[in-house]
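Enquirer: Just passing along the structure, written as C-alpha cells.
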Amino acid sequence: QVQLVESGGGFVQAGGSLRLSCAASGTIYSITTMAWYRQAPGKEREMVAGIAGGGVTKYADSVQGRFTISRDIVKKTVHLQMKNLEREDTAVYFCNMDIRGRPYWGQGIQVTVSS
C-alpha cells in the first residue's frame, strides 16, 4: 500500500516563505514523475510544479520564479520551496506521484497566506 504524506504547510504573511515536503512509503519500485497541485476554495485543482524522471521541471506561470520543486529519489521525497508568497497562493496543496503508471495523491495540506 503506497501512501504519500505531506508536511510543512501553515500560515505565513505575504512575502514570506514555506517549504512543503512529501514522503512516499510502501512498496515502490519506480516513481516516474512527482508533482505538486493545489486547490483553492471554489476553484479546480491545478498543477503548481512537476519534476519528471530525467529531472526536467515544469511550473505554472503563476509561480514561475517563486517556487522551486526538488526531489530525493532515494528517500522518495519531493519538496516545494515557496518564496514571495502571495494571498493568491492560499490553497490546499497536494503531493502527486506517478508510480508505474498509476497516480497517487497525498491527503493535502493547507497553506494560508495573509496580507
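A note on labels: chains of the C-alpha cells are A, B, ... as shown, every chain counts residues from 1, and ligands are counted from 1 in their shown order.
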Would you return as a PyMOL selection string the members of chain A that DSSP assigns to strand (DSSP E or B) on this structure's backbone?
Expert: chain A and resi 3-7+10-13+18-25+31-39+46-51+57-59+67-72+77-82+91-99+102-105+109-114
Enquirer: I'd like the contact shell of segment 104-114 of chain A - 9 Å cut-off, only C-alpha atoms, skipping same-chain residues fewer than 5 positions apart - returned as a ChimeraX atom specification.
Expert: /A:2-16,18,20,22,24,38,85-99
Enquirer: List the spatial neighbours of Val63 of chain A as a list in words - criterion: any atom at most 12 Å away, only C-alpha atoms, same-chain residues fewer than 5 positions off excluded.
Expert: Trp36, Tyr37, Arg38, Glu46, Met47, Val48, Ala49, Gly50, Lys58, Thr68, Ile69, Leu80, Gln81, Met82, Lys83, Asn84, Leu85, Glu86, Glu88 and Asp89 of chain A
Enquirer: Next, dump the selected residues to file, keeping only C-alpha atoms, as a PDB file, in the first residue's frame.
Expert:
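Now in selection_31.pdb:
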ATOM      1  CA  TRP A  36       2.547  19.438  -6.503  1.00  0.00           C
ATOM      2  CA  TYR A  37      -1.008  20.531  -7.142  1.00  0.00           C
ATOM      3  CA  ARG A  38      -3.196  22.961  -5.299  1.00  0.00           C
ATOM      4  CA  GLU A  46      -4.260  22.897 -10.730  1.00  0.00           C
ATOM      5  CA  MET A  47      -0.709  21.729 -11.161  1.00  0.00           C
ATOM      6  CA  VAL A  48       1.794  24.007  -9.492  1.00  0.00           C
ATOM      7  CA  ALA A  49       5.086  22.284 -10.243  1.00  0.00           C
ATOM      8  CA  GLY A  50       6.287  18.962 -11.541  1.00  0.00           C
ATOM      9  CA  LYS A  58       7.725  22.463 -15.099  1.00  0.00           C
ATOM     10  CA  THR A  68      11.150  25.508  -6.717  1.00  0.00           C
ATOM     11  CA  ILE A  69      10.456  21.792  -6.834  1.00  0.00           C
ATOM     12  CA  LEU A  80       8.298  22.552  -2.841  1.00  0.00           C
ATOM     13  CA  GLN A  81      10.162  25.660  -1.759  1.00  0.00           C
ATOM     14  CA  MET A  82       7.804  28.616  -1.927  1.00  0.00           C
ATOM     15  CA  LYS A  83       9.085  32.188  -1.723  1.00  0.00           C
ATOM     16  CA  ASN A  84       7.453  35.593  -2.048  1.00  0.00           C
ATOM     17  CA  LEU A  85       4.124  34.048  -1.223  1.00  0.00           C
ATOM     18  CA  GLU A  86       1.003  35.914  -2.261  1.00  0.00           C
ATOM     19  CA  GLU A  88      -3.480  34.046  -4.223  1.00  0.00           C
ATOM     20  CA  ASP A  89      -1.253  31.128  -3.209  1.00  0.00           C
TER      21      ASP A  89
END
Enquirer: Just the residues within 12 Å of Arg102 of chain A, please, counting only C-alpha atoms, with nothing from its chain fewer than 6 positions along; format it as a list in words.
Expert: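 Skipping anything fewer than 6 positions along the chain leaves Val2, Ile28, Ser30, Ile31, Thr32, Thr33, Met34 and Asn96 of chain A.
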Enquirer: Keeping all heavy atoms, export the residues of the selection given above as a PDB file, in the first residue's frame.
Expert:
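Everything below was put into result_12.pdb:
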ATOM      1  N   VAL A   2       0.707   2.067  -1.022  1.00  0.00           N
ATOM      2  CA  VAL A   2       1.514   3.275  -1.149  1.00  0.00           C
ATOM      3  C   VAL A   2       0.804   4.428  -0.445  1.00  0.00           C
ATOM      4  O   VAL A   2      -0.397   4.618  -0.613  1.00  0.00           O
ATOM      5  CB  VAL A   2       1.742   3.632  -2.624  1.00  0.00           C
ATOM      6  CG1 VAL A   2       2.458   4.973  -2.750  1.00  0.00           C
ATOM      7  CG2 VAL A   2       2.537   2.532  -3.311  1.00  0.00           C
ATOM      8  N   ILE A  28       7.386   0.481  -3.378  1.00  0.00           N
ATOM      9  CA  ILE A  28       7.534   1.388  -4.517  1.00  0.00           C
ATOM     10  C   ILE A  28       8.754   0.972  -5.310  1.00  0.00           C
ATOM     11  O   ILE A  28       9.866   0.988  -4.796  1.00  0.00           O
ATOM     12  CB  ILE A  28       7.691   2.846  -4.055  1.00  0.00           C
ATOM     13  CG1 ILE A  28       6.473   3.271  -3.235  1.00  0.00           C
ATOM     14  CG2 ILE A  28       7.886   3.764  -5.256  1.00  0.00           C
ATOM     15  CD1 ILE A  28       6.632   4.603  -2.547  1.00  0.00           C
ATOM     16  N   SER A  30       9.350   2.128  -8.725  1.00  0.00           N
ATOM     17  CA  SER A  30       9.854   3.257  -9.509  1.00  0.00           C
ATOM     18  C   SER A  30       8.806   4.364  -9.523  1.00  0.00           C
ATOM     19  O   SER A  30       7.611   4.114  -9.602  1.00  0.00           O
ATOM     20  CB  SER A  30      10.180   2.833 -10.940  1.00  0.00           C
ATOM     21  OG  SER A  30       9.009   2.506 -11.638  1.00  0.00           O
ATOM     22  N   ILE A  31       9.309   5.583  -9.444  1.00  0.00           N
ATOM     23  CA  ILE A  31       8.451   6.763  -9.496  1.00  0.00           C
ATOM     24  C   ILE A  31       8.773   7.502 -10.776  1.00  0.00           C
ATOM     25  O   ILE A  31       9.915   7.903 -11.003  1.00  0.00           O
ATOM     26  CB  ILE A  31       8.686   7.663  -8.278  1.00  0.00           C
ATOM     27  CG1 ILE A  31       8.410   6.902  -6.979  1.00  0.00           C
ATOM     28  CG2 ILE A  31       7.796   8.902  -8.362  1.00  0.00           C
ATOM     29  CD1 ILE A  31       8.773   7.658  -5.725  1.00  0.00           C
ATOM     30  N   THR A  32       7.781   7.694 -11.625  1.00  0.00           N
ATOM     31  CA  THR A  32       8.021   8.330 -12.908  1.00  0.00           C
ATOM     32  C   THR A  32       8.077   9.845 -12.769  1.00  0.00           C
ATOM     33  O   THR A  32       9.028  10.479 -13.207  1.00  0.00           O
ATOM     34  CB  THR A  32       6.924   7.950 -13.907  1.00  0.00           C
ATOM     35  OG1 THR A  32       6.841   6.532 -13.973  1.00  0.00           O
ATOM     36  CG2 THR A  32       7.243   8.517 -15.283  1.00  0.00           C
ATOM     37  N   THR A  33       7.050  10.392 -12.189  1.00  0.00           N
ATOM     38  CA  THR A  33       7.003  11.836 -12.015  1.00  0.00           C
ATOM     39  C   THR A  33       6.532  12.168 -10.606  1.00  0.00           C
ATOM     40  O   THR A  33       5.827  11.386  -9.960  1.00  0.00           O
ATOM     41  CB  THR A  33       6.047  12.520 -13.014  1.00  0.00           C
ATOM     42  OG1 THR A  33       4.738  11.985 -12.831  1.00  0.00           O
ATOM     43  CG2 THR A  33       6.485  12.277 -14.440  1.00  0.00           C
ATOM     44  N   MET A  34       6.937  13.345 -10.149  1.00  0.00           N
ATOM     45  CA  MET A  34       6.485  13.871  -8.869  1.00  0.00           C
ATOM     46  C   MET A  34       5.974  15.284  -9.120  1.00  0.00           C
ATOM     47  O   MET A  34       6.544  16.013  -9.951  1.00  0.00           O
ATOM     48  CB  MET A  34       7.644  13.917  -7.864  1.00  0.00           C
ATOM     49  CG  MET A  34       8.236  12.570  -7.519  1.00  0.00           C
ATOM     50  SD  MET A  34       9.636  12.777  -6.364  1.00  0.00           S
ATOM     51  CE  MET A  34       9.992  11.080  -5.962  1.00  0.00           C
ATOM     52  N   ASN A  96       1.640  14.645  -5.528  1.00  0.00           N
ATOM     53  CA  ASN A  96       1.244  13.638  -6.518  1.00  0.00           C
ATOM     54  C   ASN A  96       2.474  12.898  -7.012  1.00  0.00           C
ATOM     55  O   ASN A  96       3.494  13.515  -7.309  1.00  0.00           O
ATOM     56  CB  ASN A  96       0.519  14.319  -7.668  1.00  0.00           C
ATOM     57  CG  ASN A  96       0.313  13.402  -8.862  1.00  0.00           C
ATOM     58  OD1 ASN A  96       1.185  13.298  -9.720  1.00  0.00           O
ATOM     59  ND2 ASN A  96      -0.821  12.737  -8.908  1.00  0.00           N
TER      60      ASN A  96
END
Enquirer: For atom CA of Gln1 of chain A and atom CA of Ser25 of chain A, quote the distance in Å rounded to one decimal.
Expert: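 Value for the atom CA of Gln1 of chain A-atom CA of Ser25 of chain A distance: 8.0 Å.
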Enquirer: What does the distance between atom CA of Pro41 of chain A and atom CA of Ala23 of chain A come to in Å, to one decimal place?
Expert: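 Computing it gives 25.2 Å between the two atoms.
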Enquirer: Would you mind listing what lies within 6 Å of Val78 of chain A as a ChimeraX atom specification, with only C-alpha atoms counted and same-chain residues fewer than 6 positions away left out?
Expert: /A:21-22,70-71
Enquirer: Measure the distance from atom CA of Gly54 of chain A to atom CA of Pro103 of chain A in Å and round it to one decimal.
Expert: 18.0 Å
Enquirer: Pick out the closest residue to Gly101 of chain A from this set: A:Tyr29, A:Ser17, A:Tyr59, A:Ala40. Count only C-alpha atoms.
Expert: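 Using only C-alpha atoms, the shortest distance to Gly101 of chain A belongs to A:Tyr29.
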